[in-house]
>>> print(open('entry.txt').read())   # compact mmCIF, C-alpha atoms and all ligand atoms
# COMPACT_ATOMS: atom_id res chain seq x y z
CA MET A 57 -94.05 111.73 -41.04
CA THR A 58 -94.19 110.42 -37.48
CA ARG A 59 -93.90 106.75 -36.85
CA ARG A 60 -97.19 105.00 -36.29
CA GLU A 61 -97.58 101.43 -35.06
CA VAL A 62 -100.38 99.04 -34.23
CA GLU A 63 -100.49 95.57 -32.71
CA CYS A 64 -103.53 93.34 -32.84
CA SER A 65 -104.68 89.73 -33.02
CA ALA A 66 -107.35 87.91 -35.00
CA PRO A 67 -108.78 84.53 -34.12
CA VAL A 68 -109.31 81.41 -36.16
CA ASN A 69 -112.85 80.45 -37.15
CA ILE A 70 -114.13 76.94 -37.72
CA ALA A 71 -116.79 76.46 -40.40
CA LEU A 72 -119.78 74.42 -39.25
CA ILE A 73 -121.43 74.79 -42.66
CA LYS A 74 -118.56 74.89 -45.14
CA TYR A 75 -117.60 77.23 -47.92
CA TRP A 76 -116.27 75.24 -50.88
CA GLY A 77 -116.18 76.61 -54.41
CA LYS A 78 -116.06 80.08 -55.93
CA ARG A 79 -118.33 81.63 -58.52
CA ASP A 80 -115.76 84.41 -59.08
CA GLU A 81 -112.07 83.62 -58.61
CA ASN A 82 -110.82 87.23 -58.63
CA LEU A 83 -113.34 88.72 -56.25
CA ILE A 84 -113.47 85.51 -54.18
CA LEU A 85 -117.24 85.15 -54.35
CA PRO A 86 -118.48 81.84 -52.98
CA LEU A 87 -120.96 79.42 -54.54
CA ASN A 88 -122.75 79.18 -51.20
CA SER A 89 -123.13 80.95 -47.88
CA SER A 90 -121.31 79.44 -44.87
CA LEU A 91 -121.52 79.62 -41.09
CA SER A 92 -118.75 79.38 -38.54
CA ILE A 93 -117.81 79.67 -34.89
CA THR A 94 -114.94 81.98 -34.00
CA LEU A 95 -112.54 80.63 -31.38
CA ASP A 96 -111.24 82.57 -28.41
CA GLN A 97 -108.81 85.26 -29.44
CA GLU A 98 -106.09 84.26 -26.94
CA GLU A 99 -105.92 80.63 -27.94
CA LEU A 100 -105.53 80.13 -31.68
CA CYS A 101 -104.75 83.36 -33.42
CA THR A 102 -102.54 85.47 -35.64
CA THR A 103 -100.89 88.49 -34.05
CA ASN A 104 -99.65 91.34 -36.20
CA TYR A 105 -97.29 94.13 -35.39
CA VAL A 106 -97.55 96.73 -38.17
CA TYR A 107 -95.89 100.09 -38.50
CA THR A 108 -95.10 102.80 -40.94
CA ASP A 109 -92.52 105.59 -40.96
CA THR A 110 -90.47 107.57 -43.44
CA ALA A 111 -87.55 105.15 -43.33
CA ILE A 112 -89.60 102.38 -44.99
CA SER A 113 -89.22 102.40 -48.77
CA GLN A 114 -91.26 99.32 -49.61
CA ASP A 115 -93.99 97.20 -48.12
CA SER A 116 -92.74 94.10 -46.36
CA LEU A 117 -94.17 91.13 -44.55
CA THR A 118 -92.73 88.42 -42.36
CA ILE A 119 -94.73 85.39 -41.21
CA ASN A 120 -93.35 83.62 -38.14
CA GLY A 121 -90.09 85.53 -38.67
CA LEU A 122 -89.59 84.54 -42.32
CA PRO A 123 -89.83 87.02 -45.21
CA HIS A 124 -92.96 86.56 -47.30
CA SER A 125 -93.89 88.10 -50.64
CA LEU A 126 -96.68 90.68 -50.69
CA ASP A 127 -96.60 90.59 -54.46
CA THR A 128 -99.55 88.24 -54.93
CA PRO A 129 -103.04 89.17 -56.18
CA ARG A 130 -104.58 88.49 -52.75
CA TYR A 131 -102.23 90.69 -50.73
CA LEU A 132 -102.20 93.37 -53.42
CA SER A 133 -105.97 93.50 -53.57
CA CYS A 134 -106.27 93.92 -49.76
CA LEU A 135 -103.54 96.58 -49.64
CA GLN A 136 -104.85 98.50 -52.66
CA THR A 137 -108.42 98.56 -51.36
CA LEU A 138 -107.32 99.73 -47.90
CA ARG A 139 -105.20 102.47 -49.47
CA GLN A 140 -107.92 103.61 -51.84
CA LEU A 141 -110.52 103.82 -49.09
CA SER A 142 -108.26 105.54 -46.56
CA GLY A 143 -106.34 107.78 -48.97
CA ARG A 144 -103.12 106.68 -47.18
CA HIS A 145 -100.24 105.59 -49.35
CA GLU A 146 -97.26 105.22 -47.01
CA ARG A 147 -95.31 101.94 -47.10
CA VAL A 148 -95.94 99.42 -44.32
CA TRP A 149 -93.94 96.89 -42.34
CA ILE A 150 -95.93 93.85 -41.20
CA GLU A 151 -94.73 91.20 -38.74
CA SER A 152 -97.22 88.37 -38.49
CA THR A 153 -97.07 85.47 -36.05
CA ASN A 154 -99.32 82.42 -35.75
CA ASN A 155 -99.47 80.52 -32.47
CA PHE A 156 -100.48 77.32 -34.32
CA PRO A 157 -99.36 75.32 -37.39
CA THR A 158 -99.58 77.38 -40.58
CA ALA A 159 -101.45 75.95 -43.62
CA ALA A 160 -102.32 72.65 -41.94
CA GLY A 161 -106.07 72.93 -42.25
CA LEU A 162 -106.32 75.07 -39.11
CA ALA A 163 -107.65 78.14 -40.89
CA SER A 164 -104.35 79.99 -40.68
CA SER A 165 -105.16 82.05 -43.77
CA ALA A 166 -108.48 83.12 -42.24
CA ALA A 167 -106.85 84.49 -39.11
CA GLY A 168 -103.91 85.83 -41.14
CA PHE A 169 -105.89 87.92 -43.62
CA ALA A 170 -108.42 89.05 -41.01
CA CYS A 171 -105.50 90.28 -38.91
CA LEU A 172 -103.76 91.91 -41.87
CA VAL A 173 -106.86 93.85 -42.92
CA TYR A 174 -107.84 94.83 -39.38
CA SER A 175 -104.36 95.94 -38.33
CA LEU A 176 -103.78 97.99 -41.50
CA ALA A 177 -107.25 99.56 -41.21
CA GLN A 178 -106.25 100.63 -37.68
CA LEU A 179 -102.93 101.95 -38.94
CA PHE A 180 -104.64 103.90 -41.72
CA GLN A 181 -107.45 105.01 -39.37
CA LEU A 182 -110.05 103.51 -41.63
CA ASP A 183 -113.44 102.86 -40.09
CA CYS A 184 -115.69 100.91 -42.47
CA GLU A 185 -117.06 97.44 -43.25
CA LEU A 186 -113.89 95.35 -43.44
CA SER A 187 -115.10 91.79 -44.00
CA ALA A 188 -115.44 92.24 -47.77
CA ILE A 189 -111.80 93.38 -47.89
CA ALA A 190 -110.63 90.41 -45.82
CA ARG A 191 -112.63 88.14 -48.15
CA ARG A 192 -110.39 89.25 -51.02
CA GLY A 193 -107.40 87.86 -49.10
CA SER A 194 -108.93 84.50 -48.24
CA GLY A 195 -112.65 83.79 -48.41
CA SER A 196 -113.03 82.39 -44.91
CA ALA A 197 -111.07 85.36 -43.47
CA CYS A 198 -114.21 87.50 -43.68
CA ARG A 199 -115.76 85.36 -40.93
CA SER A 200 -112.80 85.94 -38.57
CA MET A 201 -113.68 89.65 -38.45
CA TYR A 202 -116.39 88.83 -35.89
CA GLY A 203 -116.66 86.74 -32.75
CA GLY A 204 -119.34 84.19 -31.86
CA PHE A 205 -121.35 82.54 -34.62
CA VAL A 206 -120.82 84.21 -37.98
CA GLU A 207 -122.50 83.85 -41.35
CA TRP A 208 -120.79 84.77 -44.59
CA LYS A 209 -123.61 85.57 -46.99
CA ARG A 210 -122.82 84.54 -50.54
CA GLY A 211 -124.51 87.69 -51.88
CA VAL A 212 -126.05 88.16 -55.32
CA LEU A 213 -124.21 91.19 -56.73
CA SER A 214 -121.52 90.58 -59.33
CA ASN A 215 -119.21 93.20 -57.76
CA GLY A 216 -119.25 91.29 -54.44
CA GLU A 217 -120.38 94.25 -52.33
CA ASP A 218 -123.01 92.16 -50.58
CA SER A 219 -120.78 89.11 -50.04
CA ILE A 220 -119.98 89.98 -46.44
CA ALA A 221 -119.86 88.40 -43.00
CA TYR A 222 -121.98 89.34 -40.03
CA GLN A 223 -122.42 88.09 -36.48
CA VAL A 224 -125.44 85.82 -36.04
CA PHE A 225 -125.04 85.17 -32.28
CA SER A 226 -122.51 86.75 -29.95
CA GLU A 227 -119.57 85.01 -28.28
CA ASP A 228 -121.52 84.86 -24.98
CA TYR A 229 -124.59 83.25 -26.46
CA TRP A 230 -123.70 79.62 -25.74
CA PRO A 231 -120.96 79.53 -23.08
CA GLU A 232 -121.30 75.75 -22.50
CA LEU A 233 -120.30 75.02 -26.08
CA GLN A 234 -116.62 74.11 -26.41
CA VAL A 235 -114.36 73.36 -29.34
CA LEU A 236 -111.51 70.87 -29.03
CA ILE A 237 -108.88 70.78 -31.75
CA LEU A 238 -107.05 67.52 -32.29
CA VAL A 239 -103.87 68.26 -34.21
CA VAL A 240 -103.37 65.08 -36.18
CA SER A 241 -100.70 66.60 -38.41
CA ASP A 242 -98.97 69.95 -38.44
CA GLN A 243 -97.67 69.44 -41.99
CA LYS A 244 -98.62 71.81 -44.81
CA LYS A 245 -101.48 70.36 -46.85
CA SER A 246 -100.59 68.96 -50.27
CA VAL A 247 -103.40 70.71 -52.22
CA SER A 248 -104.31 74.22 -51.06
CA SER A 249 -107.97 75.10 -50.47
CA SER A 250 -107.92 77.39 -53.51
CA HIS A 251 -106.61 74.76 -55.87
CA GLY A 252 -108.85 72.11 -54.36
CA MET A 253 -111.92 74.31 -54.80
CA GLN A 254 -111.03 75.13 -58.39
CA ARG A 255 -110.72 71.45 -59.15
CA SER A 256 -114.05 70.63 -57.45
CA VAL A 257 -115.88 73.42 -59.30
CA LYS A 258 -114.54 72.09 -62.61
CA THR A 259 -115.16 68.40 -62.04
CA SER A 260 -117.64 67.64 -59.24
CA PRO A 261 -121.22 67.07 -60.40
CA LEU A 262 -122.36 67.25 -56.76
CA ILE A 263 -121.01 70.68 -55.87
CA ASN A 264 -123.83 72.71 -57.47
CA THR A 265 -126.61 70.66 -55.90
CA ARG A 266 -124.97 71.19 -52.54
CA ALA A 267 -124.58 74.94 -53.08
CA GLU A 268 -128.03 75.53 -54.53
CA SER A 269 -130.33 73.34 -52.52
CA ILE A 270 -128.63 71.73 -49.54
CA VAL A 271 -126.64 74.55 -47.94
CA PRO A 272 -129.39 77.21 -47.87
CA GLU A 273 -131.64 74.87 -45.88
CA ARG A 274 -128.79 73.77 -43.61
CA ILE A 275 -127.91 77.36 -42.76
CA GLN A 276 -131.49 77.96 -41.62
CA LEU A 277 -131.54 74.73 -39.60
CA ILE A 278 -128.23 75.41 -37.89
CA LYS A 279 -129.28 78.95 -36.96
CA THR A 280 -132.38 77.48 -35.33
CA ALA A 281 -130.23 74.88 -33.52
CA ILE A 282 -127.96 77.63 -32.18
CA SER A 283 -130.85 79.89 -31.22
CA GLU A 284 -132.35 77.00 -29.21
CA ARG A 285 -128.95 75.87 -27.92
CA ASN A 286 -129.87 72.46 -29.26
CA PHE A 287 -126.57 70.56 -29.14
CA GLU A 288 -127.81 67.40 -30.84
CA SER A 289 -129.08 69.30 -33.85
CA LEU A 290 -125.97 71.50 -34.06
CA ALA A 291 -123.61 68.51 -33.85
CA LYS A 292 -125.54 66.42 -36.39
CA LEU A 293 -125.76 69.23 -38.95
CA THR A 294 -122.07 70.01 -38.48
CA MET A 295 -121.01 66.37 -38.94
CA MET A 296 -123.25 65.93 -41.97
CA ASP A 297 -121.86 69.05 -43.55
CA SER A 298 -118.27 68.03 -42.91
CA ASN A 299 -118.96 64.62 -44.42
CA GLN A 300 -120.62 66.19 -47.44
CA PHE A 301 -117.70 68.53 -47.99
CA HIS A 302 -115.31 65.54 -47.98
CA ALA A 303 -117.72 63.63 -50.25
CA ILE A 304 -117.36 66.49 -52.74
CA CYS A 305 -113.61 66.20 -52.37
CA MET A 306 -113.94 62.53 -53.32
CA ASP A 307 -116.29 63.51 -56.17
CA THR A 308 -113.52 65.73 -57.57
CA LEU A 309 -111.19 64.46 -60.29
CA PRO A 310 -108.45 63.73 -59.37
CA PRO A 311 -109.98 63.31 -55.89
CA LEU A 312 -108.83 65.39 -52.93
CA PHE A 313 -107.80 63.37 -49.88
CA TYR A 314 -107.67 65.72 -46.92
CA LEU A 315 -108.56 63.18 -44.23
CA ASN A 316 -106.19 60.44 -43.16
CA GLU A 317 -106.49 57.20 -41.19
CA VAL A 318 -106.36 59.01 -37.87
CA SER A 319 -109.15 61.36 -38.98
CA HIS A 320 -111.27 58.30 -39.83
CA LYS A 321 -110.54 56.81 -36.40
CA ILE A 322 -111.67 60.05 -34.77
CA ILE A 323 -114.92 60.00 -36.77
CA ASN A 324 -115.57 56.43 -35.66
CA MET A 325 -114.74 57.30 -32.05
CA VAL A 326 -117.28 60.13 -32.05
CA HIS A 327 -120.08 57.96 -33.43
CA ARG A 328 -119.26 55.06 -31.08
CA TYR A 329 -119.18 57.39 -28.08
CA ASN A 330 -122.54 58.96 -28.99
CA GLU A 331 -124.06 55.50 -29.45
CA GLN A 332 -122.81 54.34 -26.07
CA CYS A 333 -124.17 57.47 -24.38
CA SER A 334 -127.51 57.01 -26.21
CA GLU A 335 -127.39 60.70 -27.01
CA VAL A 336 -125.31 63.03 -29.15
CA ARG A 337 -122.60 64.45 -26.88
CA LEU A 338 -119.88 64.99 -29.42
CA GLY A 339 -119.66 66.34 -32.98
CA TYR A 340 -116.78 66.70 -35.44
CA THR A 341 -115.82 68.77 -38.40
CA PHE A 342 -112.75 68.65 -40.66
CA ASP A 343 -111.56 71.37 -43.03
CA ALA A 344 -109.07 70.87 -45.84
CA GLY A 345 -106.71 68.82 -43.68
CA PRO A 346 -106.71 65.84 -41.31
CA ASN A 347 -107.06 67.82 -38.05
CA ALA A 348 -110.31 67.38 -36.16
CA CYS A 349 -112.43 70.05 -34.51
CA LEU A 350 -114.75 68.51 -31.96
CA LEU A 351 -117.87 70.15 -30.59
CA VAL A 352 -118.76 69.24 -27.02
CA GLN A 353 -120.57 70.80 -24.09
CA LYS A 354 -118.63 71.81 -21.00
CA GLN A 355 -120.07 69.09 -18.77
CA HIS A 356 -118.68 66.36 -21.05
CA VAL A 357 -115.24 67.78 -21.81
CA LYS A 358 -113.43 65.87 -19.04
CA GLN A 359 -114.86 62.53 -20.09
CA VAL A 360 -114.17 63.17 -23.77
CA LEU A 361 -110.57 64.18 -23.06
CA ALA A 362 -110.06 61.01 -21.02
CA ILE A 363 -111.30 58.90 -23.94
CA ILE A 364 -109.11 60.77 -26.42
CA HIS A 365 -106.06 60.28 -24.22
CA TYR A 366 -106.83 56.60 -23.89
CA LEU A 367 -107.40 56.01 -27.63
CA PHE A 368 -104.73 58.38 -28.88
CA PRO A 369 -101.88 58.35 -26.37
CA THR A 370 -99.40 61.12 -27.06
CA SER A 371 -96.02 61.88 -25.65
CA ASN A 372 -96.71 65.56 -26.17
CA GLU A 373 -97.60 66.74 -22.70
CA ASP A 374 -98.04 70.35 -23.80
CA LYS A 375 -101.77 70.52 -24.12
CA PHE A 376 -102.80 72.86 -26.89
CA VAL A 377 -105.39 75.08 -25.23
CA ILE A 378 -107.87 76.19 -27.81
CA GLY A 379 -111.29 77.68 -28.17
CA LYS A 380 -113.12 77.89 -24.93
CA SER A 381 -111.56 74.80 -23.53
CA ASN A 382 -108.59 72.45 -23.46
CA SER A 383 -107.74 70.63 -26.58
CA VAL A 384 -105.18 67.96 -27.14
CA SER A 385 -102.63 67.44 -29.84
CA PRO A 386 -102.07 63.77 -30.64
CA THR A 387 -99.32 64.62 -33.10
CA ASP A 388 -97.38 61.45 -32.35
CA LEU A 389 -99.97 59.04 -33.64
O1 LIG B 1 -110.76 80.56 -47.14
P1 LIG B 1 -110.06 79.41 -47.72
O2 LIG B 1 -109.68 79.61 -49.15
O3 LIG B 1 -108.87 78.96 -46.90
O4 LIG B 1 -111.07 78.14 -47.75
C1 LIG B 1 -111.60 77.57 -46.58
C2 LIG B 1 -112.26 76.29 -46.92
C3 LIG B 1 -112.69 75.45 -45.74
O5 LIG B 1 -111.89 75.69 -44.62
C4 LIG B 1 -112.55 73.97 -46.11
C5 LIG B 1 -114.16 75.67 -45.39
C6 LIG B 1 -114.50 76.95 -44.68
O6 LIG B 1 -115.65 77.39 -44.84
O7 LIG B 1 -113.68 77.50 -43.93
>>> encode(input="entry.txt", output="structure tokens", more="lines below")
Ligand code: PMV
Amino acid sequence: MTRREVECSAPVNIALIKYWGKRDENLILPLNSSLSITLDQEELCTTNYVYTDTAISQDSLTINGLPHSLDTPRYLSCLQTLRQLSGRHERVWIESTNNFPTAAGLASSAAGFACLVYSLAQLFQLDCELSAIARRGSGSACRSMYGGFVEWKRGVLSNGEDSIAYQVFSEDYWPELQVLILVVSDQKKSVSSSHGMQRSVKTSPLINTRAESIVPERIQLIKTAISERNFESLAKLTMMDSNQFHAICMDTLPPLFYLNEVSHKIINMVHRYNEQCSEVRLGYTFDAGPNACLLVQKQHVKQVLAIIHYLFPTSNEDKFVIGKSNSVSPTDL
């Protein structure tokens, strides 16, 4: 067999309406649909170099240069499905690199599994709907298969065939919209999203109300906000949804504390700034970690960055450039 190799990258996506809770743990079927924005490929992404040749006797994976087991249900399910669909059974070598902190609430697993599935599909010359395969690696990974604004539909089928992601608006639809990432901590989170979700599904009385009646309406409202490029509505819905997700974390027993003091300061800063401007110029959202993702329009980025630098001085002069704009990393707070 001749050697074949592929290199490709997959971007991180940031959920504006969050996925939290599974109705099927094995197939990774969510309780509710979710909607995200995919960041620019060059800025915050996973890059994979994958190859196969006769000298390889077993599958192997390294992440940021360190060996990593592929012998977990999530990796196995992605690999098996790709092999079944393509009819290719050769062993693969996968070198995966993230250009951002891994497992710190910056959606590293989303970019990682999206990249794994896409690069192996290229290697195996498989041309089909891939988001449902990426979903089996990490739920939110299915949204990283597309750029722009992406919805992951929860689906209704028990085999998960209709639980897929699709692009709602393209990456060029709202060029003024920027995402700033404030890296508050680059430490691995103490409770993984999967474990946190399991705990919430078991113990939170609020999670079903959110999934059944709040999220479906919010998804419609946020799609309208995006279609009208209505920043105020987009930012408010995003902030409310982030707050509700963290309220569910608090409603979980034992509670899940993903935000820290700095995250709370950032939330206060955003609301104070909007009040002083007498309009909504800034929005925030936080995943399962303390790092903030801020939504802002291009014309206000400079002013917002100046305020962030003033309130959160950092000795780290390497500005993390993310999304469609500059973002800062106040890691020294
Ligand atoms: O895909 P997972 O298992 O890493 O879960 C992601 C969960 C959140 O980031 C908190 C929300 C989301 O929709 O991305």
>>> closest_atom_pairs(input="entry.txt", of="chain A", to="ligand LIG 1 (chain B)", cutoff="10 Å", atoms="only C-alpha atoms and all ligand atoms", output="tab-separated table")
residue	atom	partner	partner_atom	distance
A:Val68	CA	B:LIG1	O7	9.7
A:Asn69	CA	B:LIG1	O7	7.4
A:Ile70	CA	B:LIG1	O7	6.3
A:Ala71	CA	B:LIG1	O6	4.7
A:Leu72	CA	B:LIG1	O6	7.6
A:Ile73	CA	B:LIG1	O6	6.7
A:Lys74	CA	B:LIG1	O6	3.8
A:Tyr75	CA	B:LIG1	O6	3.6
A:Trp76	CA	B:LIG1	C2	5.7
A:Gly77	CA	B:LIG1	C2	8.5
A:Lys78	CA	B:LIG1	O2	9.3
A:Ile84	CA	B:LIG1	O2	8.6
A:Pro86	CA	B:LIG1	O6	9.7
A:Asn88	CA	B:LIG1	O6	9.7
A:Ser89	CA	B:LIG1	O6	8.8
A:Ser90	CA	B:LIG1	O6	6.0
A:Leu91	CA	B:LIG1	O6	7.3
A:Ser92	CA	B:LIG1	O6	7.3
A:Ala159	CA	B:LIG1	O3	8.7
A:Gly161	CA	B:LIG1	O5	6.9
A:Leu162	CA	B:LIG1	O5	7.9
A:Ala163	CA	B:LIG1	O5	6.2
A:Ser164	CA	B:LIG1	O3	7.8
A:Ser165	CA	B:LIG1	O3	5.8
A:Ala166	CA	B:LIG1	O1	6.0
A:Ala167	CA	B:LIG1	O1	9.8
A:Phe169	CA	B:LIG1	O1	9.5
A:Ala190	CA	B:LIG1	O1	9.9
A:Arg191	CA	B:LIG1	O1	7.9
A:Arg192	CA	B:LIG1	O1	9.5
A:Gly193	CA	B:LIG1	O1	8.3
A:Ser194	CA	B:LIG1	O1	4.5
A:Gly195	CA	B:LIG1	O1	4.0
A:Ser196	CA	B:LIG1	O1	3.7
A:Ala197	CA	B:LIG1	O1	6.1
A:Cys198	CA	B:LIG1	O1	8.5
A:Arg199	CA	B:LIG1	O7	8.7
A:Trp208	CA	B:LIG1	O6	9.0
A:Ser248	CA	B:LIG1	O3	7.8
A:Ser249	CA	B:LIG1	O2	5.0
A:Ser250	CA	B:LIG1	O2	5.2
A:His251	CA	B:LIG1	O2	8.8
A:Gly252	CA	B:LIG1	O2	9.2
A:Met253	CA	B:LIG1	O2	8.1
A:Ser298	CA	B:LIG1	C4	8.8
A:Phe301	CA	B:LIG1	C4	7.7
A:His302	CA	B:LIG1	C4	9.1
A:Tyr314	CA	B:LIG1	C4	9.6
A:Thr341	CA	B:LIG1	C4	9.9
A:Phe342	CA	B:LIG1	C4	7.6
A:Asp343	CA	B:LIG1	C4	4.2
A:Ala344	CA	B:LIG1	C4	4.7
A:Gly345	CA	B:LIG1	C4	8.2
>>> atom_distance(input="entry.txt", atom1="atom CA of Met325 of chain A", atom2="atom CA of Asn299 of chain A")
15.0 Å
>>> residues_around(input="entry.txt", residues="segment 352-360 of chain A", least_positions_apart="2", cutoff="6 Å", atoms="all atoms listed in the file", output="list in words")
Glu232, Leu233, Gln234, Leu338, Ala362 and Ile363 of chain A
>>> residues_around(input="entry.txt", residues="segment 172-185 of chain A", least_positions_apart="5", cutoff="8 Å", atoms="all atoms listed in the file", output="MDAnalysis selection string")
chainID A and resid 60:64 104:107 134:135 138:139 141:142 144 190 201
>>> residues_near_point(input="entry.txt", point="(-96.0, 94.9, -46.4)", cutoff="7 Å", atoms="only C-alpha atoms", output="list in words")
Asp115, Ser116, Leu117, Leu126, Val148, Trp149 and Ile150 of chain A
>>> atom_distance(input="entry.txt", atom1="atom CA of Ser65 of chain A", atom2="atom CA of Thr103 of chain A")
4.1 Å
>>> closest_residue(input="entry.txt", among="A:Ile322, A:Leu87, A:Val271, A:Met296", to="Leu238 of chain A", atoms="only C-alpha atoms")
A:Ile322
>>> closest_residue(input="entry.txt", among="A:Pro67, A:Ile237, A:Ser219, A:Arg210", to="Asn154 of chain A", atoms="all atoms listed in the file")
A:Pro67
>>> closest_residue(input="entry.txt", among="A:Ala111, A:Val239, A:Ala267, A:Leu367", to="Asp297 of chain A", atoms="all atoms listed in the file")
A:Ala267
>>> atom_distance(input="entry.txt", atom1="atom CA of Leu350 of chain A", atom2="atom CA of Cys333 of chain A")
16.4 Å
